[in-house]
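S.K.: Could you have a look at this structure, given as structure tokens, before my questions?
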Amino acid sequence: MKPTIIKHVFFDLDRTLWDFEANSEATLKEIFSDLDLTDKLGVSDDEFIVEYKKINERFWTDYRNGVIGKETLRYARFEESMKFFGHSDRELASTIGQEYIYRSPRKTGLVDGAVEVLDYLKPKYQLHIITNGFDEVQQIKMDSSGLSGYFEQVITSEVAGAKKPNRIVFDFAAEKSGASATNSIMIGDHLEADIDGALGVGWKAVFYEPNVDRMTGKDFHHIHHLKELKEIL
């Protein structure tokens, strides 16, 4: 049954609408080629990317939990990835990090079905973004990929002063958008940050994760494709 009281639909950005994996991989392959990293590191771009993804996820968890800051995250994930292959060069890691932060948000790949679903939802609801991504790059992602026109508020954790799943960011988003717990729903790919965070402040939620078995919950749906949102909203 469609939740008719919903007026505000909040989306996560990375991996929910903006295709983080594809855009990140394309960026890293470009950087590998332009900086001759295969020769410098003695490893192929594909081999590096496999290990980088694991390390990057660990660093993002530390960032989300407040263990490290943004500037450390930017270079340390690359420095740690290089060390895995036997190379220690903070200056090169910093250069890779700078190139990545500049190039990646200008990639335009979107999750399959994103535009179709947003076209469907836009006339019916007020749409917003809540993201833990860096403030200065998230708007670039949205502008470059054509997403900006769909959303009324873009709430970043830096502006809110807290990261999902902290209730502060959800309360901040509700205040900025004029939403309330009873008329809001969160759609995201991260069970803890997006779903647990939203449920913790009384919102409804939709867990977008195509790679795990169907999950059910009292106040959240689990979808494997964004087009399934048309059956929920």
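Chain identifiers are assigned as A, B, and so on, following the order in which chains appear in the structure tokens; residues are numbered from 1 within each chain, and ligands are numbered from 1 in order of appearance.
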Which residues in range 53-211 of chain A does DSSP call helix (DSSP H, G or I)? List them as number ranges by chain.

M.R.: A: 53-64, 70-84, 90-106, 114-121, 135-145, 148-150, 157-160, 167-177, 181-183, 191-200

S.K.: Leaving out Lys164 in chain A and any residue of its chain fewer than 5 positions from it, which residues lie within 9 Å of it when counting only C-alpha atoms, given as a VMD selection string?

M.R.: chain A and resid 64 130 to 132 157 169 to 170 192 to 194 197 to 198

S.K.: For a quick check of understanding, using only C-alpha atoms, which of A:Tyr63, A:Phe20, A:Tyr52, A:Phe11 has the smallest distance to Ala162 in chain A?

M.R.: A:Tyr63

S.K.: Counting only C-alpha atoms, which of A:Lys107, A:Lys29, A:Lys204, A:His190 gets nearest to Pro165 in chain A?

M.R.: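 Going through A:Lys107, A:Lys29, A:Lys204, A:His190 one by one, the smallest distance to Pro165 in chain A is for A:His190.
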